[in-house]
Amino acid sequence: MHAETVLTPANLIWPLFVTEGEEEDPIAALPGVSRWGLKGIVARAREARDLGIPCLALFPNTPRELRTEDGREALNPDNLMCRAIKAIKDAVPDIGVLTDVALDPYTAHGHDGIVDAQGYVLNDETSAVLVDQALLQAEAGSDIVAPSDMMDGRVGAIRGALEANGHVNVQIMAYAAKYASGFYGPFRDAVGSRGLLKGDKKTYQMDPANAEEALREVALDIAEGADSVMVKPGLPYLDIILRVKSEFQVPVFAYQVSGEYAMIEAAAAVGAGDRETLVLETLMAFRRAGCSGVLTYHAPLAAKLLG
Ligand code: PBG
């Protein structure tokens with residue numbers, strides 16, 4: 001009766017990896033998580049709906065031969081991502097679909113944008129491509145486009161293009177405070193970019209030393225038209241979540257990222273903690289800190305436990 005915070009399946013967003021082919025493709029770095037073909041992805045969408053999870057977040061594992069310097073496969077209307085969005089929306093129209101806007105699953109160098117000869121990611125050139133990528137996803141049926149690239153000015157540019165093209169109800173969830181983190185390793189395996197990535201992402205993702213910069217990033221994204229903002233990774237950045245929520249009173253989401261998932265699984269595997277307790281405790285911590293919801297690979301397990 002005295003609990004100040006509640007956690008329900010409605011607070012969960014389930015990130016899913018899409019791949020070509022129909023075989024379930026387990027991801028070694030993320031025990032219990034697989035890449036799915038279109039049939040499998042639709043089955044996961046039904047599962048999510050039945051568990052009361054309101055939204056899926058989709059990430060494509062683009063075939064190696066389609067990855068190029070400029071990531072042009074991101075703009076192919078028939079790419080894996082667009083086919084997955086359509087398949088889900090056809091079969092399970094009442095599930096929300098959130099799509100990642102960034103070039104890393106499509107580039108041969110694994111960066112989120114277009115790079116110059118020195119490998120430096122170019123802000124404005126990248127932003128222009130992201131606008132087209134977001135439009136394509138909206139066209140395919142995405143409910144929420146989520147730019148995860150950390151370029152400056154892309155939220156405003158995407159909002160303008162969505163309005164101009166009739167997608168007035170498509171939301172933007174801005175990865176507003178995304179840190180250059182060591183916790184993304186298993187994700188890069190999952191989308192096949194780990195071996196390809198040249199250098200690091202520190203020229204566009206944030207320094208873990210900074211909190212005030214996170215508030216400036218969030219302020220910009222809200223001013224440009226973001227409907228919600230994200231802090232990422234999750235657990236090491238609960239202070240940022242609390243400060244963003246206190247300062248702006250907008251819907252804030254956390255991404256409990258792949259390395260955090262792997263850490264809980266590793267702890268559970270050696271008996272250092274009980275899996276179910278760790279999952280629900282960490283998710284409750286995000287809610288307590290001010291999150292409207294959490295992107296977590298544990299979403300189906302948590303929803304079952306909460307259901
Ligand atoms: C890149 C992107 C990343 C994640 C989501 N989108 C990785 C990165 O920035 O290198 C990480 C998610 C996770 O680790 O679960 N656009």
# chains A, B, ... in the order shown; residues from 1 in each chain; ligands from 1
call {"tool": "closest_atom_pairs", "arguments": {"of": "chain A", "to": "ligand 1", "cutoff": "7 Å", "atoms": "only C-alpha atoms and all ligand atoms", "output": "Markdown table"}}
result
| residue | atom | partner | partner_atom_place_in_ligand_line | distance |
| --- | --- | --- | --- | --- |
| A:Asp100 | CA | ligand 1 | 6 (N) | 6.7 |
| A:Ala102 | CA | ligand 1 | 16 (N) | 5.1 |
| A:Leu103 | CA | ligand 1 | 16 (N) | 6.8 |
| A:Asp104 | CA | ligand 1 | 16 (N) | 5.7 |
| A:Asp112 | CA | ligand 1 | 16 (N) | 5.7 |
| A:Ser148 | CA | ligand 1 | 16 (N) | 4.8 |
| A:Asp149 | CA | ligand 1 | 16 (N) | 5.4 |
| A:Phe183 | CA | ligand 1 | 14 (O) | 6.0 |
| A:Tyr184 | CA | ligand 1 | 14 (O) | 3.5 |
| A:Gly185 | CA | ligand 1 | 14 (O) | 6.3 |
| A:Pro186 | CA | ligand 1 | 14 (O) | 6.3 |
| A:Phe187 | CA | ligand 1 | 14 (O) | 4.4 |
| A:Arg188 | CA | ligand 1 | 7 (C) | 6.2 |
| A:Gln256 | CA | ligand 1 | 15 (O) | 6.8 |
| A:Val257 | CA | ligand 1 | 15 (O) | 3.5 |
| A:Ser258 | CA | ligand 1 | 15 (O) | 3.5 |
| A:Gly259 | CA | ligand 1 | 14 (O) | 6.0 |
call {"tool": "write_last_selection", "arguments": {"atoms": "C-alpha atoms", "output": "PDB file, in the first residue's frame"}}
result
ATOM      1  CA  ASP A 100      16.138   2.960 -35.113  1.00  0.00           C
ATOM      2  CA  ALA A 102      21.143   5.563 -37.743  1.00  0.00           C
ATOM      3  CA  LEU A 103      23.429   4.114 -40.377  1.00  0.00           C
ATOM      4  CA  ASP A 104      25.554   1.644 -38.402  1.00  0.00           C
ATOM      5  CA  ASP A 112      26.302   5.715 -37.416  1.00  0.00           C
ATOM      6  CA  SER A 148      20.195   6.917 -32.168  1.00  0.00           C
ATOM      7  CA  ASP A 149      23.020   8.582 -34.084  1.00  0.00           C
ATOM      8  CA  PHE A 183      28.094  -1.644 -22.667  1.00  0.00           C
ATOM      9  CA  TYR A 184      27.137  -1.831 -26.377  1.00  0.00           C
ATOM     10  CA  GLY A 185      29.418  -4.757 -27.295  1.00  0.00           C
ATOM     11  CA  PRO A 186      26.830  -7.562 -27.568  1.00  0.00           C
ATOM     12  CA  PHE A 187      24.506  -5.291 -29.620  1.00  0.00           C
ATOM     13  CA  ARG A 188      27.274  -4.703 -32.145  1.00  0.00           C
ATOM     14  CA  GLN A 256      18.891  -1.038 -20.525  1.00  0.00           C
ATOM     15  CA  VAL A 257      21.441  -1.979 -23.160  1.00  0.00           C
ATOM     16  CA  SER A 258      22.927  -5.247 -24.325  1.00  0.00           C
ATOM     17  CA  GLY A 259      25.902  -5.190 -21.947  1.00  0.00           C
TER      18      GLY A 259
END
call {"tool": "residues_around", "arguments": {"residues": "Phe286 (chain A)", "least_positions_apart": "3", "cutoff": "12 Å", "atoms": "only C-alpha atoms", "output": "JSON list (two decimals) with all heavy atoms, in the first residue's frame"}}
result
[["chain", "number", "residue", "atom", "x", "y", "z"],
["A", 5, "THR", "N", 6.01, 3.52, -6.39],
["A", 5, "THR", "CA", 6.27, 3.33, -7.81],
["A", 5, "THR", "C", 5.64, 2.02, -8.26],
["A", 5, "THR", "O", 5.70, 1.04, -7.52],
["A", 5, "THR", "CB", 7.80, 3.23, -8.05],
["A", 5, "THR", "OG1", 8.44, 4.30, -7.37],
["A", 5, "THR", "CG2", 8.14, 3.31, -9.52],
["A", 6, "VAL", "N", 5.07, 2.02, -9.47],
["A", 6, "VAL", "CA", 4.58, 0.75, -10.01],
["A", 6, "VAL", "C", 5.29, 0.43, -11.33],
["A", 6, "VAL", "O", 5.69, 1.33, -12.08],
["A", 6, "VAL", "CB", 3.04, 0.74, -10.26],
["A", 6, "VAL", "CG1", 2.28, 0.67, -8.96],
["A", 6, "VAL", "CG2", 2.62, 1.92, -11.10],
["A", 7, "LEU", "N", 5.43, -0.85, -11.58],
["A", 7, "LEU", "CA", 6.02, -1.34, -12.82],
["A", 7, "LEU", "C", 5.02, -2.31, -13.43],
["A", 7, "LEU", "O", 4.57, -3.24, -12.75],
["A", 7, "LEU", "CB", 7.34, -2.06, -12.50],
["A", 7, "LEU", "CG", 8.03, -2.80, -13.64],
["A", 7, "LEU", "CD1", 8.56, -1.81, -14.68],
["A", 7, "LEU", "CD2", 9.17, -3.67, -13.10],
["A", 11, "ASN", "N", 5.05, -0.54, -19.29],
["A", 11, "ASN", "CA", 6.26, 0.28, -19.21],
["A", 11, "ASN", "C", 7.41, -0.30, -20.03],
["A", 11, "ASN", "O", 8.53, 0.23, -19.96],
["A", 11, "ASN", "CB", 6.73, 0.41, -17.75],
["A", 11, "ASN", "CG", 5.67, 0.97, -16.83],
["A", 11, "ASN", "OD1", 5.30, 0.35, -15.83],
["A", 11, "ASN", "ND2", 5.13, 2.14, -17.16],
["A", 12, "LEU", "N", 7.16, -1.38, -20.76],
["A", 12, "LEU", "CA", 8.27, -2.08, -21.42],
["A", 12, "LEU", "C", 8.26, -1.91, -22.93],
["A", 12, "LEU", "O", 7.20, -1.94, -23.57],
["A", 12, "LEU", "CB", 8.20, -3.58, -21.08],
["A", 12, "LEU", "CG", 8.18, -3.92, -19.59],
["A", 12, "LEU", "CD1", 7.92, -5.42, -19.39],
["A", 12, "LEU", "CD2", 9.49, -3.51, -18.92],
["A", 230, "MET", "N", 15.52, 9.83, -24.59],
["A", 230, "MET", "CA", 16.09, 8.60, -24.03],
["A", 230, "MET", "C", 17.45, 8.87, -23.42],
["A", 230, "MET", "O", 18.21, 9.71, -23.90],
["A", 230, "MET", "CB", 16.24, 7.56, -25.13],
["A", 230, "MET", "CG", 16.57, 6.17, -24.60],
["A", 230, "MET", "SD", 17.31, 5.15, -25.84],
["A", 230, "MET", "CE", 15.94, 4.93, -26.95],
["A", 231, "VAL", "N", 17.71, 8.16, -22.32],
["A", 231, "VAL", "CA", 19.04, 8.13, -21.73],
["A", 231, "VAL", "C", 19.57, 6.72, -21.93],
["A", 231, "VAL", "O", 18.87, 5.74, -21.72],
["A", 231, "VAL", "CB", 18.98, 8.47, -20.22],
["A", 231, "VAL", "CG1", 20.35, 8.30, -19.57],
["A", 231, "VAL", "CG2", 18.45, 9.89, -20.02],
["A", 232, "LYS", "N", 20.84, 6.61, -22.29],
["A", 232, "LYS", "CA", 21.40, 5.32, -22.68],
["A", 232, "LYS", "C", 22.90, 5.30, -22.46],
["A", 232, "LYS", "O", 23.55, 6.27, -22.86],
["A", 232, "LYS", "CB", 21.07, 5.09, -24.16],
["A", 232, "LYS", "CG", 21.63, 3.85, -24.76],
["A", 232, "LYS", "CD", 21.32, 3.84, -26.23],
["A", 232, "LYS", "CE", 22.03, 2.66, -26.87],
["A", 232, "LYS", "NZ", 21.87, 2.64, -28.28],
["A", 233, "PRO", "N", 23.50, 4.26, -21.89],
["A", 233, "PRO", "CA", 22.88, 3.11, -21.24],
["A", 233, "PRO", "C", 21.98, 3.52, -20.07],
["A", 233, "PRO", "O", 21.77, 4.70, -19.84],
["A", 233, "PRO", "CB", 24.08, 2.29, -20.74],
["A", 233, "PRO", "CG", 25.22, 2.72, -21.56],
["A", 233, "PRO", "CD", 24.97, 4.17, -21.85],
["A", 234, "GLY", "N", 21.49, 2.48, -19.33],
["A", 234, "GLY", "CA", 20.52, 2.75, -18.30],
["A", 234, "GLY", "C", 21.09, 2.86, -16.90],
["A", 234, "GLY", "O", 21.31, 3.94, -16.36],
["A", 235, "LEU", "N", 21.37, 1.70, -16.31],
["A", 235, "LEU", "CA", 21.70, 1.66, -14.89],
["A", 235, "LEU", "C", 22.86, 2.55, -14.46],
["A", 235, "LEU", "O", 22.77, 3.21, -13.42],
["A", 235, "LEU", "CB", 21.96, 0.19, -14.48],
["A", 235, "LEU", "CG", 21.39, -0.26, -13.14],
["A", 235, "LEU", "CD1", 19.93, 0.13, -12.98],
["A", 235, "LEU", "CD2", 21.56, -1.75, -12.99],
["A", 236, "PRO", "N", 23.97, 2.64, -15.26],
["A", 236, "PRO", "CA", 25.05, 3.52, -14.79],
["A", 236, "PRO", "C", 24.69, 5.00, -14.88],
["A", 236, "PRO", "O", 25.46, 5.85, -14.43],
["A", 236, "PRO", "CB", 26.22, 3.20, -15.75],
["A", 236, "PRO", "CG", 25.84, 1.94, -16.44],
["A", 236, "PRO", "CD", 24.35, 1.91, -16.47],
["A", 237, "TYR", "N", 23.54, 5.32, -15.47],
["A", 237, "TYR", "CA", 23.17, 6.72, -15.73],
["A", 237, "TYR", "C", 21.84, 7.11, -15.09],
["A", 237, "TYR", "O", 21.16, 8.01, -15.58],
["A", 237, "TYR", "CB", 23.18, 6.98, -17.25],
["A", 237, "TYR", "CG", 24.56, 6.75, -17.83],
["A", 237, "TYR", "CD1", 24.93, 5.50, -18.31],
["A", 237, "TYR", "CD2", 25.51, 7.77, -17.83],
["A", 237, "TYR", "CE1", 26.22, 5.26, -18.80],
["A", 237, "TYR", "CE2", 26.80, 7.55, -18.32],
["A", 237, "TYR", "CZ", 27.14, 6.30, -18.79],
["A", 237, "TYR", "OH", 28.42, 6.08, -19.26],
["A", 238, "LEU", "N", 21.50, 6.46, -13.97],
["A", 238, "LEU", "CA", 20.23, 6.79, -13.29],
["A", 238, "LEU", "C", 20.20, 8.25, -12.84],
["A", 238, "LEU", "O", 19.14, 8.87, -12.78],
["A", 238, "LEU", "CB", 20.03, 5.88, -12.07],
["A", 238, "LEU", "CG", 19.59, 4.43, -12.33],
["A", 238, "LEU", "CD1", 19.45, 3.70, -10.99],
["A", 238, "LEU", "CD2", 18.29, 4.36, -13.10],
["A", 239, "ASP", "N", 21.38, 8.79, -12.51],
["A", 239, "ASP", "CA", 21.42, 10.21, -12.10],
["A", 239, "ASP", "C", 20.99, 11.13, -13.24],
["A", 239, "ASP", "O", 20.33, 12.15, -13.03],
["A", 239, "ASP", "CB", 22.82, 10.58, -11.59],
["A", 239, "ASP", "CG", 23.90, 10.37, -12.66],
["A", 239, "ASP", "OD1", 23.83, 9.36, -13.40],
["A", 239, "ASP", "OD2", 24.81, 11.22, -12.77],
["A", 240, "ILE", "N", 21.37, 10.74, -14.45],
["A", 240, "ILE", "CA", 21.01, 11.55, -15.62],
["A", 240, "ILE", "C", 19.49, 11.49, -15.84],
["A", 240, "ILE", "O", 18.83, 12.51, -16.11],
["A", 240, "ILE", "CB", 21.74, 11.06, -16.90],
["A", 240, "ILE", "CG1", 23.25, 10.95, -16.66],
["A", 240, "ILE", "CG2", 21.41, 11.95, -18.09],
["A", 240, "ILE", "CD1", 23.93, 12.26, -16.33],
["A", 241, "ILE", "N", 18.92, 10.29, -15.70],
["A", 241, "ILE", "CA", 17.47, 10.13, -15.86],
["A", 241, "ILE", "C", 16.74, 11.04, -14.87],
["A", 241, "ILE", "O", 15.83, 11.79, -15.25],
["A", 241, "ILE", "CB", 17.07, 8.65, -15.62],
["A", 241, "ILE", "CG1", 17.64, 7.77, -16.73],
["A", 241, "ILE", "CG2", 15.55, 8.51, -15.53],
["A", 241, "ILE", "CD1", 17.58, 6.28, -16.43],
["A", 242, "LEU", "N", 17.16, 10.99, -13.62],
["A", 242, "LEU", "CA", 16.51, 11.80, -12.58],
["A", 242, "LEU", "C", 16.62, 13.29, -12.90],
["A", 242, "LEU", "O", 15.63, 14.04, -12.78],
["A", 242, "LEU", "CB", 17.15, 11.50, -11.22],
["A", 242, "LEU", "CG", 16.63, 12.31, -10.04],
["A", 242, "LEU", "CD1", 15.17, 11.99, -9.77],
["A", 242, "LEU", "CD2", 17.45, 12.00, -8.78],
["A", 245, "LYS", "N", 14.38, 14.21, -15.97],
["A", 245, "LYS", "CA", 12.95, 14.22, -15.61],
["A", 245, "LYS", "C", 12.62, 15.45, -14.76],
["A", 245, "LYS", "O", 11.62, 16.12, -14.99],
["A", 245, "LYS", "CB", 12.60, 12.93, -14.86],
["A", 245, "LYS", "CG", 11.12, 12.76, -14.59],
["A", 245, "LYS", "CD", 10.34, 12.59, -15.90],
["A", 245, "LYS", "CE", 8.84, 12.57, -15.67],
["A", 245, "LYS", "NZ", 8.09, 12.49, -16.93],
["A", 252, "VAL", "N", 10.49, 10.33, -20.33],
["A", 252, "VAL", "CA", 11.89, 9.91, -20.42],
["A", 252, "VAL", "C", 11.94, 8.38, -20.48],
["A", 252, "VAL", "O", 11.22, 7.71, -19.73],
["A", 252, "VAL", "CB", 12.70, 10.39, -19.19],
["A", 252, "VAL", "CG1", 14.16, 9.94, -19.29],
["A", 252, "VAL", "CG2", 12.62, 11.90, -19.04],
["A", 253, "PHE", "N", 12.75, 7.86, -21.37],
["A", 253, "PHE", "CA", 12.92, 6.40, -21.49],
["A", 253, "PHE", "C", 14.38, 6.06, -21.25],
["A", 253, "PHE", "O", 15.27, 6.86, -21.54],
["A", 253, "PHE", "CB", 12.48, 5.92, -22.89],
["A", 253, "PHE", "CG", 10.98, 5.98, -23.05],
["A", 253, "PHE", "CD1", 10.36, 7.19, -23.35],
["A", 253, "PHE", "CD2", 10.20, 4.86, -22.86],
["A", 253, "PHE", "CE1", 8.98, 7.26, -23.46],
["A", 253, "PHE", "CE2", 8.82, 4.93, -22.98],
["A", 253, "PHE", "CZ", 8.20, 6.13, -23.28],
["A", 254, "ALA", "N", 14.60, 4.87, -20.70],
["A", 254, "ALA", "CA", 15.97, 4.38, -20.54],
["A", 254, "ALA", "C", 16.14, 3.18, -21.46],
["A", 254, "ALA", "O", 15.19, 2.44, -21.69],
["A", 254, "ALA", "CB", 16.22, 3.94, -19.10],
["A", 255, "TYR", "N", 17.34, 3.02, -21.99],
["A", 255, "TYR", "CA", 17.68, 1.80, -22.71],
["A", 255, "TYR", "C", 18.61, 0.99, -21.82],
["A", 255, "TYR", "O", 19.75, 1.39, -21.60],
["A", 255, "TYR", "CB", 18.36, 2.15, -24.03],
["A", 255, "TYR", "CG", 18.37, 1.05, -25.08],
["A", 255, "TYR", "CD1", 18.26, 1.36, -26.44],
["A", 255, "TYR", "CD2", 18.49, -0.30, -24.74],
["A", 255, "TYR", "CE1", 18.27, 0.37, -27.42],
["A", 255, "TYR", "CE2", 18.49, -1.28, -25.70],
["A", 255, "TYR", "CZ", 18.39, -0.95, -27.04],
["A", 255, "TYR", "OH", 18.41, -1.93, -28.00],
["A", 256, "GLN", "N", 18.05, -0.09, -21.26],
["A", 256, "GLN", "CA", 18.89, -1.04, -20.52],
["A", 256, "GLN", "C", 19.58, -1.87, -21.60],
["A", 256, "GLN", "O", 18.99, -2.79, -22.16],
["A", 256, "GLN", "CB", 18.02, -1.91, -19.61],
["A", 256, "GLN", "CG", 18.82, -2.83, -18.71],
["A", 256, "GLN", "CD", 17.94, -3.57, -17.71],
["A", 256, "GLN", "OE1", 16.86, -4.04, -18.04],
["A", 256, "GLN", "NE2", 18.39, -3.67, -16.48],
["A", 279, "VAL", "N", 16.16, -8.69, -12.57],
["A", 279, "VAL", "CA", 15.44, -8.06, -13.68],
["A", 279, "VAL", "C", 14.39, -7.09, -13.15],
["A", 279, "VAL", "O", 14.35, -5.92, -13.55],
["A", 279, "VAL", "CB", 14.77, -9.15, -14.57],
["A", 279, "VAL", "CG1", 13.77, -8.54, -15.54],
["A", 279, "VAL", "CG2", 15.84, -9.93, -15.33],
["A", 280, "LEU", "N", 13.57, -7.55, -12.21],
["A", 280, "LEU", "CA", 12.49, -6.67, -11.74],
["A", 280, "LEU", "C", 13.04, -5.51, -10.89],
["A", 280, "LEU", "O", 12.52, -4.40, -10.96],
["A", 280, "LEU", "CB", 11.47, -7.48, -10.94],
["A", 280, "LEU", "CG", 10.66, -8.49, -11.78],
["A", 280, "LEU", "CD1", 9.63, -9.20, -10.91],
["A", 280, "LEU", "CD2", 9.99, -7.83, -12.98],
["A", 281, "GLU", "N", 14.10, -5.76, -10.14],
["A", 281, "GLU", "CA", 14.67, -4.69, -9.31],
["A", 281, "GLU", "C", 15.27, -3.58, -10.18],
["A", 281, "GLU", "O", 15.06, -2.39, -9.92],
["A", 281, "GLU", "CB", 15.73, -5.27, -8.37],
["A", 281, "GLU", "CG", 16.35, -4.24, -7.43],
["A", 281, "GLU", "CD", 17.38, -4.87, -6.50],
["A", 281, "GLU", "OE1", 17.32, -6.09, -6.26],
["A", 281, "GLU", "OE2", 18.26, -4.13, -6.02],
["A", 282, "THR", "N", 16.01, -3.97, -11.23],
["A", 282, "THR", "CA", 16.62, -2.93, -12.07],
["A", 282, "THR", "C", 15.54, -2.16, -12.84],
["A", 282, "THR", "O", 15.62, -0.94, -12.97],
["A", 282, "THR", "CB", 17.66, -3.53, -13.06],
["A", 282, "THR", "OG1", 17.05, -4.58, -13.82],
["A", 282, "THR", "CG2", 18.86, -4.07, -12.32],
["A", 283, "LEU", "N", 14.52, -2.87, -13.31],
["A", 283, "LEU", "CA", 13.45, -2.17, -14.04],
["A", 283, "LEU", "C", 12.69, -1.22, -13.12],
["A", 283, "LEU", "O", 12.35, -0.09, -13.51],
["A", 283, "LEU", "CB", 12.50, -3.17, -14.70],
["A", 283, "LEU", "CG", 13.14, -3.99, -15.84],
["A", 283, "LEU", "CD1", 12.18, -5.05, -16.35],
["A", 283, "LEU", "CD2", 13.58, -3.08, -16.98],
["A", 289, "ALA", "N", 13.47, 6.32, -10.80],
["A", 289, "ALA", "CA", 14.28, 7.47, -11.22],
["A", 289, "ALA", "C", 13.50, 8.44, -12.11],
["A", 289, "ALA", "O", 13.93, 9.57, -12.32],
["A", 289, "ALA", "CB", 15.53, 6.98, -11.94],
["A", 290, "GLY", "N", 12.35, 7.99, -12.65],
["A", 290, "GLY", "CA", 11.54, 8.92, -13.44],
["A", 290, "GLY", "C", 11.20, 8.46, -14.85],
["A", 290, "GLY", "O", 10.61, 9.22, -15.62],
["A", 291, "CYS", "N", 11.55, 7.23, -15.19],
["A", 291, "CYS", "CA", 11.29, 6.75, -16.56],
["A", 291, "CYS", "C", 9.82, 6.41, -16.79],
["A", 291, "CYS", "O", 9.20, 5.76, -15.95],
["A", 291, "CYS", "CB", 12.10, 5.50, -16.85],
["A", 291, "CYS", "SG", 13.80, 5.85, -17.25],
["A", 292, "SER", "N", 9.31, 6.81, -17.94],
["A", 292, "SER", "CA", 7.99, 6.34, -18.38],
["A", 292, "SER", "C", 8.08, 4.88, -18.80],
["A", 292, "SER", "O", 7.14, 4.12, -18.63],
["A", 292, "SER", "CB", 7.50, 7.15, -19.58],
["A", 292, "SER", "OG", 7.38, 8.51, -19.22],
["A", 293, "GLY", "N", 9.20, 4.52, -19.38],
["A", 293, "GLY", "CA", 9.37, 3.16, -19.85],
["A", 293, "GLY", "C", 10.82, 2.81, -20.06],
["A", 293, "GLY", "O", 11.69, 3.68, -20.01],
["A", 294, "VAL", "N", 11.06, 1.52, -20.32],
["A", 294, "VAL", "CA", 12.42, 1.01, -20.47],
["A", 294, "VAL", "C", 12.49, 0.09, -21.68],
["A", 294, "VAL", "O", 11.63, -0.78, -21.86],
["A", 294, "VAL", "CB", 12.85, 0.21, -19.22],
["A", 294, "VAL", "CG1", 14.32, -0.18, -19.32],
["A", 294, "VAL", "CG2", 12.58, 0.97, -17.94],
["A", 295, "LEU", "N", 13.51, 0.31, -22.52],
["A", 295, "LEU", "CA", 13.81, -0.67, -23.57],
["A", 295, "LEU", "C", 14.67, -1.74, -22.93],
["A", 295, "LEU", "O", 15.75, -1.43, -22.40],
["A", 295, "LEU", "CB", 14.57, -0.03, -24.72],
["A", 295, "LEU", "CG", 13.79, 0.93, -25.63],
["A", 295, "LEU", "CD1", 13.77, 2.34, -25.04],
["A", 295, "LEU", "CD2", 14.40, 0.97, -27.02],
["A", 296, "THR", "N", 14.20, -2.98, -22.94],
["A", 296, "THR", "CA", 14.97, -4.05, -22.30],
["A", 296, "THR", "C", 14.77, -5.38, -23.01],
["A", 296, "THR", "O", 13.64, -5.73, -23.39],
["A", 296, "THR", "CB", 14.58, -4.20, -20.81],
["A", 296, "THR", "OG1", 15.25, -5.35, -20.28],
["A", 296, "THR", "CG2", 13.08, -4.37, -20.61]]
call {"tool": "closest_residue", "arguments": {"among": "A:Arg243, A:Arg44, A:Gln118, A:Ile53", "to": "Ala302 (chain A)", "atoms": "only C-alpha atoms"}}
result
A:Ile53
call {"tool": "closest_atom_pairs", "arguments": {"of": "region 53-103 of chain A", "to": "region 195-206 of chain A", "cutoff": "12 Å", "atoms": "only C-alpha atoms", "output": "tab-separated table"}}
result
residue	atom	partner	partner_atom	distance
A:Arg64	CA	A:Leu196	CA	9.8
A:Arg67	CA	A:Leu196	CA	10.0
A:Thr68	CA	A:Leu196	CA	11.1
A:Glu69	CA	A:Leu196	CA	11.3
call {"tool": "select_by_dssp", "arguments": {"residues": "region 34-281 of chain A", "states": "strand (DSSP E or B)", "output": "ChimeraX atom specification"}}
result
/A:34-36,55-60,68,96-101,107,115,121,144-147,171-179,206,228-232,252-256
call {"tool": "residues_around", "arguments": {"residues": "Gly32 (chain A)", "least_positions_apart": "3", "cutoff": "10 Å", "atoms": "only C-alpha atoms", "output": "ChimeraX atom specification"}}
result
/A:26-29,262,265,297-298
call {"tool": "closest_residue", "arguments": {"among": "A:Gly192, A:Gly271, A:Gly156, A:Gly37", "to": "Glu65 (chain A)", "atoms": "only C-alpha atoms"}}
result
A:Gly192
call {"tool": "atom_distance", "arguments": {"atom1": "CA of Gly52 (chain A)", "atom2": "CA of Pro9 (chain A)"}}
result
5.5 Å
call {"tool": "decode", "arguments": {"residues": "region 159-163 of chain A", "atoms": "all heavy atoms", "output": "PDB file, in the first residue's frame"}}
result
ATOM      1  N   ARG A 159      11.568  16.066 -37.920  1.00  0.00           N
ATOM      2  CA  ARG A 159      10.203  16.547 -37.616  1.00  0.00           C
ATOM      3  C   ARG A 159       9.637  17.323 -38.806  1.00  0.00           C
ATOM      4  O   ARG A 159       8.494  17.114 -39.215  1.00  0.00           O
ATOM      5  CB  ARG A 159      10.233  17.424 -36.358  1.00  0.00           C
ATOM      6  CG  ARG A 159       8.883  17.880 -35.823  1.00  0.00           C
ATOM      7  CD  ARG A 159       8.123  16.735 -35.148  1.00  0.00           C
ATOM      8  NE  ARG A 159       7.122  16.129 -36.019  1.00  0.00           N
ATOM      9  CZ  ARG A 159       6.582  14.917 -35.822  1.00  0.00           C
ATOM     10  NH1 ARG A 159       6.939  14.157 -34.814  1.00  0.00           N
ATOM     11  NH2 ARG A 159       5.686  14.445 -36.647  1.00  0.00           N
ATOM     12  N   GLY A 160      10.440  18.212 -39.370  1.00  0.00           N
ATOM     13  CA  GLY A 160       9.993  19.014 -40.514  1.00  0.00           C
ATOM     14  C   GLY A 160       9.595  18.138 -41.685  1.00  0.00           C
ATOM     15  O   GLY A 160       8.554  18.346 -42.318  1.00  0.00           O
ATOM     16  N   ALA A 161      10.416  17.127 -41.969  1.00  0.00           N
ATOM     17  CA  ALA A 161      10.137  16.251 -43.106  1.00  0.00           C
ATOM     18  C   ALA A 161       8.899  15.398 -42.842  1.00  0.00           C
ATOM     19  O   ALA A 161       8.086  15.167 -43.751  1.00  0.00           O
ATOM     20  CB  ALA A 161      11.348  15.355 -43.386  1.00  0.00           C
ATOM     21  N   LEU A 162       8.714  14.932 -41.623  1.00  0.00           N
ATOM     22  CA  LEU A 162       7.514  14.135 -41.301  1.00  0.00           C
ATOM     23  C   LEU A 162       6.263  14.988 -41.501  1.00  0.00           C
ATOM     24  O   LEU A 162       5.277  14.538 -42.100  1.00  0.00           O
ATOM     25  CB  LEU A 162       7.579  13.624 -39.851  1.00  0.00           C
ATOM     26  CG  LEU A 162       8.613  12.530 -39.541  1.00  0.00           C
ATOM     27  CD1 LEU A 162       8.659  12.257 -38.033  1.00  0.00           C
ATOM     28  CD2 LEU A 162       8.297  11.238 -40.296  1.00  0.00           C
ATOM     29  N   GLU A 163       6.297  16.228 -41.009  1.00  0.00           N
ATOM     30  CA  GLU A 163       5.136  17.130 -41.164  1.00  0.00           C
ATOM     31  C   GLU A 163       4.849  17.376 -42.636  1.00  0.00           C
ATOM     32  O   GLU A 163       3.710  17.298 -43.086  1.00  0.00           O
ATOM     33  CB  GLU A 163       5.410  18.476 -40.474  1.00  0.00           C
ATOM     34  CG  GLU A 163       5.640  18.399 -38.978  1.00  0.00           C
ATOM     35  CD  GLU A 163       4.444  17.902 -38.180  1.00  0.00           C
ATOM     36  OE1 GLU A 163       3.320  18.326 -38.479  1.00  0.00           O
ATOM     37  OE2 GLU A 163       4.653  17.068 -37.275  1.00  0.00           O
TER      38      GLU A 163
END
